[in-house]
Structure formats: structure tokens, C-alpha cells
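Colleague: Coordinates in input-v1.csv, CSV, C-alpha atoms, are listed below.
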```
chain,number,residue,atom,x,y,z
A,1,MET,CA,79.4,117.7,50.9
A,2,SER,CA,79.6,115.0,53.6
A,3,LYS,CA,80.9,115.8,57.0
A,4,GLN,CA,84.0,114.1,58.5
A,5,ILE,CA,84.5,112.3,61.8
A,6,LEU,CA,88.2,111.6,62.0
A,7,VAL,CA,89.7,109.1,64.4
A,8,ILE,CA,93.5,109.0,65.0
A,9,GLY,CA,94.8,105.6,66.1
A,10,ALA,CA,93.8,101.9,65.5
A,11,GLY,CA,94.4,100.7,69.1
A,12,PHE,CA,91.6,99.5,71.3
A,13,ALA,CA,90.2,103.0,71.8
A,14,GLY,CA,90.6,104.0,68.2
A,15,MET,CA,89.0,100.9,66.8
A,16,TRP,CA,85.9,101.2,69.1
A,17,SER,CA,85.6,104.9,68.5
A,18,ALA,CA,85.3,104.4,64.8
A,19,LEU,CA,82.8,101.5,65.2
A,20,GLY,CA,80.9,103.4,67.9
A,21,ALA,CA,80.5,106.5,65.6
A,22,ALA,CA,79.4,104.3,62.7
A,23,ARG,CA,76.8,102.6,64.9
A,24,LEU,CA,75.1,105.8,65.9
A,25,LEU,CA,75.2,107.2,62.3
A,26,GLU,CA,73.4,104.1,61.1
A,27,GLN,CA,70.8,104.3,63.9
A,28,ALA,CA,70.2,107.9,62.9
A,29,GLY,CA,69.9,107.0,59.2
A,30,ARG,CA,72.7,109.5,58.3
A,31,SER,CA,74.7,108.8,55.2
A,32,ASP,CA,76.1,112.3,54.9
A,33,VAL,CA,78.8,111.8,57.6
A,34,GLU,CA,81.9,109.8,56.9
A,35,VAL,CA,83.9,108.1,59.6
A,36,SER,CA,87.6,107.8,58.8
A,37,LEU,CA,90.4,106.2,60.8
A,38,ILE,CA,94.1,107.1,60.3
A,39,ALA,CA,96.8,104.6,61.4
A,40,PRO,CA,100.1,103.3,60.0
A,41,GLU,CA,98.4,99.9,59.3
A,42,PRO,CA,94.9,98.4,59.6
A,43,ALA,CA,95.7,96.2,62.5
A,44,LEU,CA,95.1,96.1,66.3
A,45,HIS,CA,98.4,95.6,68.2
A,46,VAL,CA,97.5,93.6,71.3
A,47,ARG,CA,100.0,95.3,73.5
A,48,PRO,CA,98.8,93.6,76.8
A,49,ARG,CA,100.3,90.4,75.4
A,50,LEU,CA,103.8,91.6,74.4
A,51,TYR,CA,105.5,90.1,77.5
A,52,GLU,CA,104.7,86.7,76.0
A,53,GLN,CA,106.5,84.7,73.3
A,54,ASN,CA,105.9,85.3,69.5
A,55,PRO,CA,105.0,89.0,69.7
A,56,GLU,CA,104.8,89.3,65.9
A,57,GLY,CA,101.7,87.1,66.0
A,58,MET,CA,99.9,89.4,68.4
A,59,LYS,CA,98.1,91.7,66.1
A,60,ALA,CA,94.6,91.4,64.6
A,61,PRO,CA,93.6,92.6,61.1
A,62,LEU,CA,91.0,95.3,61.0
A,63,LEU,CA,90.5,96.2,57.3
A,64,GLU,CA,87.6,93.9,56.7
A,65,ILE,CA,85.9,94.9,59.9
A,66,PHE,CA,86.2,98.5,58.9
A,67,LYS,CA,84.9,97.8,55.4
A,68,THR,CA,81.9,95.9,56.8
A,69,ALA,CA,81.1,98.6,59.3
A,70,GLY,CA,81.5,101.4,56.7
A,71,VAL,CA,84.6,103.0,58.2
A,72,LYS,CA,87.2,104.4,55.8
A,73,PHE,CA,90.8,103.4,56.6
A,74,ILE,CA,93.5,105.9,55.7
A,75,GLN,CA,97.0,104.6,55.9
A,76,GLY,CA,99.3,107.2,57.3
A,77,LEU,CA,101.0,108.8,60.3
A,78,VAL,CA,99.7,112.0,61.8
A,79,LYS,CA,102.4,114.4,62.7
A,80,HIS,CA,100.5,117.7,63.1
A,81,ILE,CA,97.0,118.6,64.4
A,82,ASP,CA,95.8,122.1,63.5
A,83,VAL,CA,92.9,122.7,65.9
A,84,ALA,CA,92.2,126.2,64.7
A,85,ASN,CA,91.7,125.1,61.1
A,86,GLN,CA,90.3,121.6,62.0
A,87,GLN,CA,92.8,119.6,59.9
A,88,VAL,CA,95.6,117.1,60.4
A,89,ARG,CA,98.7,116.6,58.3
A,90,LEU,CA,99.9,113.1,57.4
A,91,ILE,CA,103.4,111.8,56.5
A,92,GLY,CA,105.0,108.6,55.7
A,93,THR,CA,103.3,105.2,55.4
A,94,GLY,CA,100.7,105.8,52.7
A,95,ALA,CA,102.2,106.9,49.4
A,96,ASP,CA,98.9,108.5,48.3
A,97,THR,CA,98.5,110.5,51.5
A,98,SER,CA,102.0,111.5,52.5
A,99,GLY,CA,102.2,115.2,53.1
A,100,CYS,CA,98.5,115.8,52.6
A,101,ASP,CA,96.1,117.6,54.9
A,102,ILE,CA,92.8,116.1,55.9
A,103,LYS,CA,89.9,118.3,57.2
A,104,TYR,CA,87.6,117.2,60.0
A,105,ASP,CA,84.4,118.3,61.5
A,106,ARG,CA,85.0,116.3,64.6
A,107,LEU,CA,88.2,114.7,65.8
A,108,VAL,CA,88.8,111.7,68.1
A,109,LEU,CA,92.4,111.5,69.4
A,110,ALA,CA,93.0,107.9,70.2
A,111,ALA,CA,96.8,107.7,69.5
A,112,GLY,CA,97.6,105.7,72.6
A,113,SER,CA,100.8,105.9,74.6
A,114,ARG,CA,104.5,105.1,74.4
A,115,LEU,CA,107.0,103.9,76.9
A,116,ASN,CA,108.7,106.6,78.8
A,117,CYS,CA,112.4,106.5,78.3
A,118,PRO,CA,114.2,109.1,80.5
A,119,PRO,CA,117.7,110.3,79.6
A,120,ILE,CA,119.5,107.6,81.5
A,121,PRO,CA,123.0,107.0,80.0
A,122,GLY,CA,123.0,103.9,77.8
A,123,LEU,CA,119.3,103.2,78.1
A,124,LYS,CA,118.4,103.7,74.4
A,125,ASP,CA,121.5,101.9,73.2
A,126,HIS,CA,121.6,98.9,75.5
A,127,ALA,CA,118.1,98.2,76.9
A,128,PHE,CA,115.2,96.3,75.5
A,129,ASN,CA,111.5,96.7,76.1
A,130,VAL,CA,108.1,95.2,75.3
A,131,ASP,CA,106.2,98.4,74.4
A,132,GLN,CA,105.6,97.8,70.7
A,133,ILE,CA,105.6,94.6,68.6
A,134,ALA,CA,108.9,95.4,66.9
A,135,ASP,CA,110.5,96.1,70.3
A,136,ALA,CA,109.2,92.8,71.8
A,137,ALA,CA,110.4,90.9,68.6
A,138,ARG,CA,113.8,92.4,69.0
A,139,LEU,CA,114.0,91.2,72.6
A,140,GLU,CA,112.9,87.7,71.6
A,141,ALA,CA,115.6,87.5,69.0
A,142,HIS,CA,118.1,88.6,71.5
A,143,LEU,CA,117.0,86.0,74.1
A,144,HIS,CA,117.3,83.2,71.5
A,145,GLY,CA,120.8,84.5,70.6
A,146,LEU,CA,121.9,84.1,74.2
A,147,ALA,CA,122.3,80.3,73.6
A,148,GLU,CA,125.2,81.1,71.2
A,149,ARG,CA,127.1,83.0,74.0
A,150,ALA,CA,129.5,81.5,76.4
A,151,ASP,CA,128.1,80.5,79.8
A,152,SER,CA,128.5,83.3,82.3
A,153,ALA,CA,126.6,85.1,85.0
A,154,GLY,CA,125.9,88.0,82.7
A,155,ARG,CA,124.5,85.8,80.0
A,156,ASN,CA,122.2,84.0,82.5
A,157,THR,CA,120.9,87.2,84.1
A,158,VAL,CA,118.0,89.4,83.1
A,159,VAL,CA,117.4,92.8,84.8
A,160,VAL,CA,113.8,94.1,84.5
A,161,ALA,CA,113.8,97.8,85.3
A,162,GLY,CA,110.5,98.7,86.9
A,163,ALA,CA,108.3,96.5,89.2
A,164,GLY,CA,105.0,97.8,88.1
A,165,PHE,CA,102.3,96.0,86.1
A,166,THR,CA,104.4,95.4,82.9
A,167,GLY,CA,107.6,94.8,84.8
A,168,ILE,CA,106.0,92.1,87.0
A,169,GLU,CA,104.4,90.3,84.0
A,170,THR,CA,107.6,90.4,82.1
A,171,ALA,CA,109.8,89.2,84.9
A,172,ALA,CA,107.4,86.3,85.7
A,173,GLU,CA,107.8,85.0,82.2
A,174,MET,CA,111.6,85.2,82.1
A,175,PRO,CA,112.9,82.3,84.2
A,176,ALA,CA,111.0,79.7,82.1
A,177,ARG,CA,111.8,81.4,78.8
A,178,LEU,CA,115.5,81.5,79.7
A,179,ARG,CA,115.6,77.8,80.7
A,180,GLU,CA,113.9,76.9,77.5
A,181,ILE,CA,116.6,78.6,75.6
A,182,LEU,CA,119.7,78.0,77.7
A,183,GLY,CA,118.8,74.6,79.1
A,184,PRO,CA,116.8,73.3,82.2
A,185,ASN,CA,119.9,73.0,84.4
A,186,VAL,CA,121.3,76.5,83.8
A,187,ALA,CA,121.1,78.8,86.9
A,188,VAL,CA,119.2,81.7,85.6
A,189,ASN,CA,118.8,85.0,87.5
A,190,VAL,CA,115.9,87.4,86.9
A,191,ILE,CA,116.1,90.6,89.0
A,192,MET,CA,113.6,93.4,89.1
A,193,VAL,CA,114.9,96.9,90.0
A,194,GLU,CA,112.4,99.4,91.4
A,195,ARG,CA,113.0,102.9,92.8
A,196,ALA,CA,110.0,102.6,95.1
A,197,GLY,CA,110.2,100.6,98.3
A,198,GLU,CA,107.7,97.9,97.3
A,199,VAL,CA,107.1,95.5,94.5
A,200,GLY,CA,104.1,96.8,92.5
A,201,PRO,CA,104.0,100.2,94.1
A,202,ASP,CA,100.9,101.3,92.1
A,203,LEU,CA,99.1,98.0,92.7
A,204,GLY,CA,98.6,98.6,96.4
A,205,PRO,CA,98.9,96.2,99.3
A,206,GLY,CA,95.9,93.9,98.4
A,207,PRO,CA,97.6,91.7,95.8
A,208,ARG,CA,101.2,92.2,96.9
A,209,PRO,CA,101.5,89.0,99.0
A,210,VAL,CA,100.3,86.9,96.1
A,211,ILE,CA,102.6,88.7,93.7
A,212,THR,CA,105.7,88.3,95.9
A,213,GLN,CA,104.8,84.6,96.6
A,214,ALA,CA,104.5,83.9,92.9
A,215,LEU,CA,107.7,85.7,92.0
A,216,THR,CA,109.6,84.0,94.7
A,217,GLU,CA,108.5,80.6,93.7
A,218,LEU,CA,109.4,81.4,90.1
A,219,GLY,CA,112.9,82.4,91.1
A,220,VAL,CA,112.6,86.1,90.5
A,221,THR,CA,114.3,88.5,93.0
A,222,TRP,CA,114.2,92.3,93.3
A,223,ARG,CA,116.2,95.3,94.4
A,224,LEU,CA,114.1,98.1,95.9
A,225,GLY,CA,114.7,101.7,96.8
A,226,SER,CA,117.1,102.5,94.0
A,227,GLY,CA,116.5,103.0,90.3
A,228,VAL,CA,118.8,102.4,87.3
A,229,ALA,CA,121.5,105.0,86.9
A,230,VAL,CA,123.5,103.7,83.9
A,231,VAL,CA,122.9,100.9,81.4
A,232,ASP,CA,125.8,99.5,79.3
A,233,ALA,CA,126.4,96.4,77.2
A,234,ALA,CA,127.4,94.3,80.2
A,235,GLY,CA,124.7,95.3,82.7
A,236,VAL,CA,123.4,98.1,84.9
A,237,THR,CA,124.7,100.4,87.7
A,238,LEU,CA,122.0,101.4,90.2
A,239,GLU,CA,121.6,104.8,91.8
A,240,ASN,CA,123.0,103.4,95.1
A,241,GLY,CA,126.2,102.3,93.3
A,242,GLU,CA,125.4,98.6,93.1
A,243,ARG,CA,126.5,96.8,89.9
A,244,ILE,CA,124.6,94.0,88.3
A,245,GLU,CA,126.2,92.1,85.4
A,246,ALA,CA,123.5,91.3,82.8
A,247,ASP,CA,123.5,90.7,79.1
A,248,THR,CA,119.8,91.5,79.1
A,249,VAL,CA,118.2,94.7,80.5
A,250,ILE,CA,114.5,95.2,79.9
A,251,TRP,CA,113.0,98.7,80.6
A,252,THR,CA,109.4,98.8,81.7
A,253,ALA,CA,109.2,101.9,83.9
A,254,GLY,CA,106.2,103.9,82.9
A,255,ALA,CA,104.2,105.2,79.8
A,256,ARG,CA,103.3,108.6,78.5
A,257,ALA,CA,100.4,109.6,76.3
A,258,SER,CA,101.1,110.1,72.6
A,259,GLU,CA,103.1,113.2,71.8
A,260,LEU,CA,100.1,114.4,69.7
A,261,THR,CA,98.3,115.3,72.9
A,262,ALA,CA,100.8,118.2,73.3
A,263,GLN,CA,99.4,119.8,70.2
A,264,ILE,CA,95.9,120.1,71.7
A,265,PRO,CA,95.4,123.1,73.9
A,266,GLY,CA,94.0,122.4,77.3
A,267,GLU,CA,95.0,120.9,80.7
A,268,HIS,CA,97.2,117.8,80.7
A,269,ASP,CA,97.9,115.4,83.6
A,270,ARG,CA,101.4,114.2,84.6
A,271,PHE,CA,101.3,111.4,81.9
A,272,GLY,CA,100.4,113.9,79.1
A,273,ARG,CA,96.8,112.9,79.0
A,274,LEU,CA,94.1,115.5,78.1
A,275,HIS,CA,91.5,116.4,80.6
A,276,VAL,CA,88.1,115.6,79.2
A,277,ASP,CA,84.5,116.0,80.3
A,278,ARG,CA,82.2,113.1,81.1
A,279,ASN,CA,81.3,112.9,77.3
A,280,LEU,CA,85.1,112.7,76.6
A,281,LYS,CA,85.2,116.0,74.8
A,282,VAL,CA,88.5,117.9,75.5
A,283,LYS,CA,87.7,120.6,77.9
A,284,GLY,CA,87.6,124.0,76.2
A,285,ILE,CA,87.9,122.5,72.6
A,286,ASP,CA,84.6,122.2,70.8
A,287,ALA,CA,85.4,119.8,68.0
A,288,VAL,CA,88.0,117.5,69.7
A,289,PHE,CA,87.5,114.3,71.7
A,290,ALA,CA,90.2,112.3,73.4
A,291,THR,CA,90.0,108.7,74.5
A,292,GLY,CA,92.0,105.7,75.6
A,293,ASP,CA,95.5,106.5,76.9
A,294,CYS,CA,95.2,110.0,75.6
A,295,ALA,CA,92.4,110.9,78.0
A,296,TYR,CA,92.3,111.7,81.7
A,297,ALA,CA,88.6,110.8,82.3
A,298,ALA,CA,86.5,110.3,85.4
A,299,THR,CA,85.2,106.7,85.7
A,300,ASP,CA,82.5,107.6,88.3
A,301,ASP,CA,81.5,110.2,90.8
A,302,LYS,CA,83.8,109.0,93.5
A,303,GLY,CA,87.0,110.6,92.3
A,304,ASN,CA,88.4,107.6,90.3
A,305,HIS,CA,89.9,108.1,86.9
A,306,THR,CA,90.9,105.9,84.0
A,307,MET,CA,94.0,103.9,84.0
A,308,MET,CA,96.2,103.5,80.9
A,309,SER,CA,94.9,100.0,80.2
A,310,CYS,CA,92.9,98.1,77.6
A,311,GLN,CA,90.2,97.6,80.3
A,312,HIS,CA,89.4,101.3,80.1
A,313,ALA,CA,90.4,101.9,76.5
A,314,ASN,CA,87.8,99.5,75.2
A,315,ASN,CA,84.9,101.3,76.9
A,316,LEU,CA,86.4,104.7,76.5
A,317,GLY,CA,86.4,104.1,72.7
A,318,ARG,CA,82.8,103.0,72.6
A,319,SER,CA,81.7,106.1,74.5
A,320,ALA,CA,83.9,108.5,72.5
A,321,GLY,CA,82.6,107.1,69.2
A,322,HIS,CA,79.0,107.4,70.2
A,323,ASN,CA,79.5,110.9,71.7
A,324,VAL,CA,81.5,112.4,68.8
A,325,ALA,CA,78.7,111.4,66.4
A,326,ALA,CA,76.0,112.6,68.8
A,327,ASP,CA,77.8,115.9,69.1
A,328,LEU,CA,78.0,116.3,65.3
A,329,LEU,CA,74.4,115.3,64.8
A,330,GLY,CA,73.0,117.4,67.7
A,331,LEU,CA,71.8,114.3,69.6
A,332,ASP,CA,72.1,113.7,73.3
A,333,PRO,CA,75.4,112.1,74.4
A,334,ILE,CA,75.8,109.2,76.8
A,335,ALA,CA,78.2,110.1,79.6
A,336,TYR,CA,81.1,107.7,80.0
A,337,SER,CA,80.9,105.6,83.1
A,338,GLN,CA,82.8,102.6,84.3
A,339,SER,CA,82.3,102.2,88.0
A,340,GLU,CA,83.6,98.6,88.2
A,341,TYR,CA,87.3,98.1,88.2
A,342,VAL,CA,89.3,94.9,88.1
A,343,THR,CA,92.9,93.8,87.6
A,344,CYS,CA,94.2,90.5,86.3
A,345,LEU,CA,98.0,90.3,86.5
A,346,ALA,CA,99.8,87.5,84.7
A,347,LEU,CA,102.4,85.7,86.8
A,348,GLY,CA,104.0,83.4,84.2
A,349,PRO,CA,103.7,79.7,84.7
A,350,TRP,CA,102.5,80.3,88.3
A,351,GLY,CA,99.2,81.6,87.0
A,352,ALA,CA,97.8,85.1,87.8
A,353,VAL,CA,96.1,87.2,90.4
A,354,TYR,CA,92.7,88.7,89.8
A,355,THR,CA,91.3,91.5,92.0
A,356,GLU,CA,88.1,93.5,92.1
A,357,GLY,CA,87.6,97.1,93.2
A,358,TRP,CA,89.9,100.1,93.3
A,359,ASP,CA,91.3,98.7,96.5
A,360,ARG,CA,92.2,95.5,94.6
A,361,GLN,CA,90.7,92.8,96.8
A,362,VAL,CA,92.0,89.4,95.7
A,363,LYS,CA,89.3,87.1,94.3
A,364,LEU,CA,91.3,84.5,92.3
A,365,LYS,CA,94.9,83.5,92.2
A,366,GLY,CA,97.2,80.8,90.7
A,367,PRO,CA,96.0,78.6,87.8
A,368,GLU,CA,92.4,79.6,88.2
A,369,ALA,CA,93.2,83.3,87.7
A,370,GLY,CA,95.7,82.3,85.0
A,371,ALA,CA,92.8,80.7,83.0
A,372,LEU,CA,90.8,83.9,83.3
A,373,LYS,CA,93.8,86.0,82.1
A,374,THR,CA,94.2,83.7,79.1
A,375,MET,CA,90.5,84.2,78.2
A,376,ILE,CA,90.9,87.9,78.5
A,377,ASN,CA,94.1,88.0,76.4
A,378,THR,CA,92.9,85.6,73.7
A,379,GLN,CA,89.2,86.3,73.4
A,380,TRP,CA,87.6,89.2,75.3
A,381,ILE,CA,89.9,92.0,74.1
A,382,TYR,CA,90.1,91.0,70.4
A,383,PRO,CA,88.2,92.8,67.6
A,384,PRO,CA,84.5,91.8,67.0
A,385,ASN,CA,83.5,89.5,64.2
A,386,GLY,CA,80.3,88.7,62.4
A,387,ASP,CA,78.2,90.7,60.0
A,388,ARG,CA,77.6,94.4,60.0
A,389,ALA,CA,74.8,94.3,62.5
A,390,GLU,CA,76.8,92.2,64.9
A,391,ILE,CA,79.9,94.4,64.6
A,392,LEU,CA,78.0,97.6,65.2
A,393,ALA,CA,76.0,96.1,68.0
A,394,SER,CA,79.3,95.3,69.8
A,395,ALA,CA,80.2,99.0,69.8
A,396,ASP,CA,77.2,100.0,72.0
A,397,PRO,CA,78.6,102.2,74.8
A,398,ALA,CA,76.1,100.5,77.2
A,399,ARG,CA,78.0,97.3,76.7
A,400,VAL,CA,80.6,97.7,79.4
A,401,ILE,CA,83.3,95.0,79.4
A,402,VAL,CA,85.2,94.8,82.7
A,403,ALA,CA,88.5,93.1,81.9
```
Go ahead and render the structure in this file as C-alpha cells.

Modeller:
Amino acid sequence: MSKQILVIGAGFAGMWSALGAARLLEQAGRSDVEVSLIAPEPALHVRPRLYEQNPEGMKAPLLEIFKTAGVKFIQGLVKHIDVANQQVRLIGTGADTSGCDIKYDRLVLAAGSRLNCPPIPGLKDHAFNVDQIADAARLEAHLHGLAERADSAGRNTVVVAGAGFTGIETAAEMPARLREILGPNVAVNVIMVERAGEVGPDLGPGPRPVITQALTELGVTWRLGSGVAVVDAAGVTLENGERIEADTVIWTAGARASELTAQIPGEHDRFGRLHVDRNLKVKGIDAVFATGDCAYAATDDKGNHTMMSCQHANNLGRSAGHNVAADLLGLDPIAYSQSEYVTCLALGPWGAVYTEGWDRQVKLKGPEAGALKTMINTQWIYPPNGDRAEILASADPARVIVA
């Protein structure tokens, strides 16, 4: 009877985990181990692009890639992980798998993350977000519907809650998108609201002057030092009592690892991520690996750890796939390492800002950085193509992509 490597999730980390495992199995000449991947659909959702227009076009098909690589795709949604009995339970999307249990010999949890939505009154009922494709599509439909409303300050105002990476990229897009919908002469108002005292509090001081320059030139303003207290159909009330009338409120304030991480025993960080060793095995759990946004992993020996980003998820996936197969076959693992760190933050029509190092030293800005961001978004982070040999070669954990 063949052994089973099971990967949960078809995001960047899940896709590369499955391909990385298939690569090592082929190199080892082992046909007695099956690699299976479970996800609601065989598609990679390119979440880093969902602040842009046409979000429904931002997913890439994976079924043919999996077939070519020898990865079995199982359509379904995992609701329970039984670590003691080494099995998972599926529900929902696949009629032939709903309610069934699937055994594994090794498991890779690559279920990604979800937007954190705290119990703020009115948030779930009245705010939009760009976390998932359906969410971004709902926002886009709402924005186009604004043109049918009477001209007012509320109609022409967008509040972006959160001035972190996603909030900045979203806010920078909004003035041009609103003018395209409402007309070039409409006085649009895009306001970021951030509880911290700085724009981009987690991005540090390095790129902040470039970010604030770009946002100012784009016409974006911000309120700092007070978060959102209440959201309603006509706007937001801040914690300091300030009222902002806005027909559009977009929530971007933080992400949390998949709720499935809570079903795995072990230490978790403040985002719910599982602490893993340098081979990405969950500490204290023999048969379970975690990767991507589900893993709190050291990137080097200097105290740096992975961010919840596609930059790290791509390489985390390659390493997890290789190491889970190596662990099952009794081969030597290759410790995950990603010492170089960059950021490339999109700033709407202004361009972007590109930094290098954990202290984020600015190397490119404006249109030049914007061209790099476009290349990253449209080429570098998309699934591999080619024949079986090319696809499996692209899953080599030594092939570290910094983007």
C-alpha cells in the first residue's frame, strides 16, 4: 500500500509544497508515495494583487500543472485535523469527498491566512475588504455602483482602515479608480485611519518618506493615533470621537493564520502561526509540517523570522515539500534559509517603492520601482509552466526567489 503525503492549501506555499515533494520523490525513484493536495478549487489565488481592478481575473489554474507533476488534487475543504490518528476530515465542495476522512503519513499545513476582523460594531455588515477574490469583487461592484448615487461628500469618500502594507497599496489605488468611475472633476477623498502614530508602522522609517510623498501627491490623507470604533452604512466613528462620512469603508487591519493551526498542538505566535524548526516540521509533532502563513519560521541565524507574504511563502513551500518527502523517505533534509529580504510596495499610479534588507533601505522608487512591482505581480509569483522536468526543477528548494 502506498504512503501518503497530504498538503492542505493551494496557495503559494501549498502549490510549491506539493511540487517540491513530487520533485524529491522522482529523484529518489519512489513510486510508492502519493502526493495529494486538498483545496476548494485547483487554482492559485494571487492575493497580493487584489487591491487592483478585475480581481476575478487574478487566479491561475493549477490542475494541469498538478497532473503533469504527478500530484493528486482532491477538491474539498478541511474542517478537522486529527493529529493522533493522522487523518483529516473533508466537507463541502467535492461531492465525492464530502464527509470523508483521509489518512496521511505526513501532513503539510499550508492553509494560508485570513483577514482579522475584530468585533467592531458594524464592521462585518458595512465594511469591504480585499482579502479574498470574492471580497475584492464585491468591493469593485460597490465602487462602480457609486456612480448611480447622488453626488455627496459620503459618496466621494473612501475610508481605508489600516495604514499597513495592504492599506497603503489599496489607498494608493483609490483616487484614480474613483475618478474613473465618478468623473475626473469630482473631488474625491481617500482617508487612511491608523491606530499607530505613523503611516506604515510595521514598514519602519526607511521607506516612510517615499510612501508619504507618494500618498500626498496622489491625494490620500490619513488620521493617526485613533482606530475605528464603529462602522455604519454612512461612515465611521473613530475611537477619539471623530466622525467621517463615507459610503465606502475598506478594512485592511491585519491577518491571522488559518483557524486549522489551532487544531495542531504546539506553540503558536500572536498571529496563530505554528512554531516550526529549521526543516519546517512543527515542533513536537513528528508527522506534521507547517509552511507559508501557517508557519513561524526563522529565515536566518540573526533572529529574523518569516513575514506573512508571498515572498516567503514561495520559498517556504519549496522547502516544506522537499523536507516532508525527505522525512518520510529517511533522507537528509535541507534547512530552510532565506537570508535576503526585500519589499516592493505598490503606490498606485505614482509607482512603487523597493527596499532591501530588514531595515528596508530604499533602492528604487517611482515608475522604476513600479515596473519592478508589475514584473513581480504578473510574472515572478505565478505558477511554473513547461513539461514535467521544468515544473519539478522549479520546485528546487535551492532556487530562492527574493520578491

Colleague: Using only C-alpha atoms, pick whichever of A:Ile285, A:Arg30, A:Ala21, A:Thr237 has the shortest atom-to-atom distance to A:Pro333.

Modeller: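 The answer is A:Ala21, which sits nearest to A:Pro333.
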
Colleague: A:Val230: which residues within 10 Å, counting all atoms listed in the file, same-chain residues fewer than 2 positions away excluded, as a VMD selection string?

Modeller: chain A and resid 119 to 123 126 227 to 228 232 235 to 239 241 243

Colleague: Under the rule that only C-alpha atoms are counted, which of A:Arg270, A:Ala153, A:Lys302, A:Gln338 is the nearest residue to A:Ala246?

Modeller: A:Ala153

Colleague: Pick out the residues sitting within 8 Å of stretch 77-89 of chain A, and hand them over as a PyMOL selection string; count only C-alpha atoms, and ignore anything fewer than 5 positions along from it in its own chain.

Modeller: chain A and resi 8+38-40+99-106+260+263-264+287

Colleague: Selection from above, C-alpha atoms, as a short mmCIF file (atom, residue, chain, number, x, y, z; two decimals), in the frame of the given file, can you write it?

Modeller:
```
data_model
loop_
_atom_site.label_atom_id
_atom_site.label_comp_id
_atom_site.auth_asym_id
_atom_site.auth_seq_id
_atom_site.Cartn_x
_atom_site.Cartn_y
_atom_site.Cartn_z
CA ILE A 8 93.50 109.00 65.00
CA ILE A 38 94.10 107.10 60.30
CA ALA A 39 96.80 104.60 61.40
CA PRO A 40 100.10 103.30 60.00
CA GLY A 99 102.20 115.20 53.10
CA CYS A 100 98.50 115.80 52.60
CA ASP A 101 96.10 117.60 54.90
CA ILE A 102 92.80 116.10 55.90
CA LYS A 103 89.90 118.30 57.20
CA TYR A 104 87.60 117.20 60.00
CA ASP A 105 84.40 118.30 61.50
CA ARG A 106 85.00 116.30 64.60
CA LEU A 260 100.10 114.40 69.70
CA GLN A 263 99.40 119.80 70.20
CA ILE A 264 95.90 120.10 71.70
CA ALA A 287 85.40 119.80 68.00
#
```

Colleague: Would you tabulate, counting all atoms listed in the file, all residues of stretch 214-254 of chain A that have an atom at most 8 Å from an atom of stretch 164-181 of chain A, showing the closest pair of atoms and their distance in Å to one decimal, sorted by chain then ascending number, as CSV?

Modeller:
```
residue,atom,partner,partner_atom,distance
A:Leu215,CA,A:Ala172,CA,6.3
A:Leu218,CA,A:Ala172,CA,6.9
A:Gly219,CA,A:Pro175,CA,6.9
A:Val220,CA,A:Ala171,CA,7.0
A:Trp251,CA,A:Gly167,CA,7.9
A:Thr252,CA,A:Gly167,CA,5.4
A:Ala253,CA,A:Gly164,CA,7.2
```

Colleague: Skip A:Glu194 itself and residues of its chain fewer than 3 positions away, then list as a list of chain:residue names all residues within 9 Å of it, counting only C-alpha atoms.

Modeller: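 The contact residues come out as A:Val160, A:Ala161, A:Gly162, A:Ala163, A:Gly164, A:Gly197, A:Glu198, A:Val199, A:Gly200, A:Pro201, A:Trp222, A:Arg223, A:Leu224, A:Gly225, A:Ser226, A:Gly227, A:Val228, A:Ala253.
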
Colleague: Please determine, counting only C-alpha atoms, which residue among A:Gly112, A:Gly266, A:Gly351, A:Gly9 has the shortest atom-to-atom distance to A:Glu217.

Modeller: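 Using only C-alpha atoms, the shortest distance to A:Glu217 belongs to A:Gly351.
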
Colleague: Between atom CA of A:Lys363 and atom CA of A:Pro207, what is the distance in Å, rounded to a tenth?

Modeller: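 That distance, rounded to one decimal, is 9.6 Å.
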
Colleague: From (89.8, 111.5, 63.8), in the file's coordinates, out to 7 Å: which residues are reached, counting only C-alpha atoms? Answer as a ChimeraX atom specification.

Modeller: /A:5-8,36-37,106-109

Colleague: Which residues, written as number ranges by chain, have at least one atom at most 9 Å from A:Ala255, with all atoms listed in the file counted and residues fewer than 3 positions away on the same chain left out?

Modeller: A: 113-117, 131, 252, 271, 308

Colleague: Could you turn the residues from that selection into a file that holds C-alpha atoms, as a PDB file, keeping the file's coordinate frame?

Modeller:
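Listing of selection21.pdb after writing:
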```pdb
ATOM      1  CA  SER A 113     100.800 105.900  74.600  1.00  0.00           C
ATOM      2  CA  ARG A 114     104.500 105.100  74.400  1.00  0.00           C
ATOM      3  CA  LEU A 115     107.000 103.900  76.900  1.00  0.00           C
ATOM      4  CA  ASN A 116     108.700 106.600  78.800  1.00  0.00           C
ATOM      5  CA  CYS A 117     112.400 106.500  78.300  1.00  0.00           C
ATOM      6  CA  ASP A 131     106.200  98.400  74.400  1.00  0.00           C
ATOM      7  CA  THR A 252     109.400  98.800  81.700  1.00  0.00           C
ATOM      8  CA  PHE A 271     101.300 111.400  81.900  1.00  0.00           C
ATOM      9  CA  MET A 308      96.200 103.500  80.900  1.00  0.00           C
TER      10      MET A 308
END
```

Colleague: Just give me the gap between atom CA of A:His142 and atom CA of A:Ala233 in Å, one decimal is fine.

Modeller: 12.7 Å

Colleague: Calculated over only C-alpha atoms, which of the candidates A:Leu19, A:Val130, A:Ala43, A:Ala346 has the smallest distance to A:Ser394?

Modeller: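 Result for the nearest residue to A:Ser394: A:Leu19.
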
Colleague: Measure the distance from atom CA of A:Ile191 to atom CA of A:Ile250 in Å and round it to one decimal.

Modeller: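 Atom CA of A:Ile191 sits 10.3 Å away from atom CA of A:Ile250.
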
Colleague: List the neighbours of A:Val342 out to 6 Å using only C-alpha atoms; skip same-chain residues closer than 5 positions along the sequence, and give me the result as a ChimeraX atom specification.

Modeller: /A:355-357

Colleague: Print the selection's residues with C-alpha atoms to a file, as a short mmCIF file (atom, residue, chain, number, x, y, z; two decimals), in the frame of the given file.

Modeller:
```cif
data_model
loop_
_atom_site.label_atom_id
_atom_site.label_comp_id
_atom_site.auth_asym_id
_atom_site.auth_seq_id
_atom_site.Cartn_x
_atom_site.Cartn_y
_atom_site.Cartn_z
CA THR A 355 91.30 91.50 92.00
CA GLU A 356 88.10 93.50 92.10
CA GLY A 357 87.60 97.10 93.20
#
```

Colleague: Just checking: using only C-alpha atoms, which residue out of A:Asn156, A:Leu316, A:Glu56, A:Cys310 ends up closest to A:Asp396?

Modeller: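 Closest to A:Asp396 of all the choices is A:Leu316.
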
Colleague: Show me the residues around (91.6, 122.6, 84.0) - criterion: an atom at most 10 Å away, all atoms listed in the file counted - as number ranges by chain.

Modeller: A: 266-269, 274-276, 283-284

Colleague: From the options A:Ile211, A:Val193, A:Val324, A:Ala13, which residue's atoms come nearest to A:Lys365, counting all atoms listed in the file?

Modeller: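 Closest residue, counting all atoms listed in the file: A:Ile211.
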